[in-house]
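A short write-up of the structure that comes next.
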Amino acid sequence: MAFCDVVEQKGLKERKLIIDCPTRWNSTFNMLSTASKFKIAFAAYKEREPHYDFAPSLEEWNKVEKICKLLEVFNRATHVISGSEYPTANLYLAEVWKVKEILDKANEDEDPFMREMAIPMKVKFDKYWVWKVKEILDKANEDEDPFMREMAIPMKVKFDKYWGECNLLMAIASVLDPRCKFHMMRICFPKIYKSQEVADENIKKVRSSLDELYDECVALSLVEASSSVANLNSNNQLSSYANVVAVKTGFDEIMSII
């Protein structure tokens with residue numbers, strides 16, 4: 001009996017297993033979460049096919065369940081941030097915070113398997129959230145060795161150019177969401193960054209940037225307002241002139257008599 005026959009006999013809604021793909025995000029989660037729905041089918045197939053030795057054990061199914069709980073957060077974050085039918089910039093910060101939270105919990109899990117899986121994921125998160133990279137570059141930039149400083153300076157310039165404003169823009173987008181304002185940052189930043197001091201420093205940076213943006217918008221609006229008033233006065237003068245000319249036309253005089 002084929003595996004698909006067992007699936008049909010068990011009346012499972014899912015009909016097809018999924019293979020993960022190294023180049024596609026969340027494919028491992030999709031593969032494991034789908035496979036878990038076939039748990040009874042794997043067990044039944046093993047009973048009917050004595051030569052089938054690849055059915056996952058109870059311990060392995062427990063690991064699959066734990067992995068899925070962890071990867072589900074990444075799966076949801078990916079779908080939220082990459083949405084195309086709604087604004088996503090204001091949602092970025094909350095999803096990053098959720099990912100950091102789940103990694104920290106897994107990193108302190110009682111199960112050695114979870115800790116072993118979470119540690120490299122957390123290292124990669126810290127790498128791409130960039131505070132660790134920035135810390136290293138800042139230290140190298142102030143190193144006593146001229147060779148280290150000479151090497152670090154252009155690296156730090158490039159880092160600040162491509163990464164320094166990235167998280168700032170996402171934070172500003174979160175603040176501009178009237179549902180979040182600064183509350184989101186006060187919750188997320190202490191979790192994302194290594195200390196409260198660094199979190200407070202970044203919150204001040206966001207607030208300062210918003211103040212600069214506000215001042216710039218005010219200045220631009222004043223210029224536009226002055227330009228609009230000038231245009232309005234000019235249009236009024238033209239309209240007055242047009243009205244005077246219109247009154248003096250013979251056509252209007254005749255139409256008024258008629």
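Letters A, B, ... mark the chains of the structure tokens in the order given; residue numbers begin at 1 per chain; ligand numbers begin at 1, in order shown.
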
Any idea what's packed within 9 Å of A:Lys37, counting only C-alpha atoms, ignoring anything in its chain fewer than 3 positions away? Could you give it as a PyMOL selection string?
chain A and resi 12-14+32-34+40-41

Please provide the set of residues having any atom within 10 Å of A:Glu150, restricted to only C-alpha atoms, with same-chain residues fewer than 5 positions apart removed, written as a PyMOL selection string.
chain A and resi 140-141+143+145+155

What does the file look like for those residues with C-alpha atoms, as a PDB file, in the first residue's frame?
ATOM      1  CA  ALA A 140      38.598  49.429  16.580  1.00  0.00           C
ATOM      2  CA  ASN A 141      38.103  53.061  15.603  1.00  0.00           C
ATOM      3  CA  ASP A 143      42.266  51.421  19.140  1.00  0.00           C
ATOM      4  CA  ASP A 145      47.212  50.586  17.200  1.00  0.00           C
ATOM      5  CA  MET A 155      34.668  50.206   7.487  1.00  0.00           C
TER       6      MET A 155
END

If we count only C-alpha atoms and set the cut-off at 10 Å, which residues sit around A:Trp25, ignoring sequence neighbours fewer than 4 positions away in its own chain? Please answer as a list in words.
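Those residues are Asp20, Cys21, Phe29, Asn30, Phe74, Asn75 and Thr78 of chain A.
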
Residues near A:Ser36, anyone? I mean within 10 Å using only C-alpha atoms, not counting same-chain ones fewer than 3 positions away, as a PyMOL selection string.
chain A and resi 17+31-33+39-42+56+61-62+64-65+68
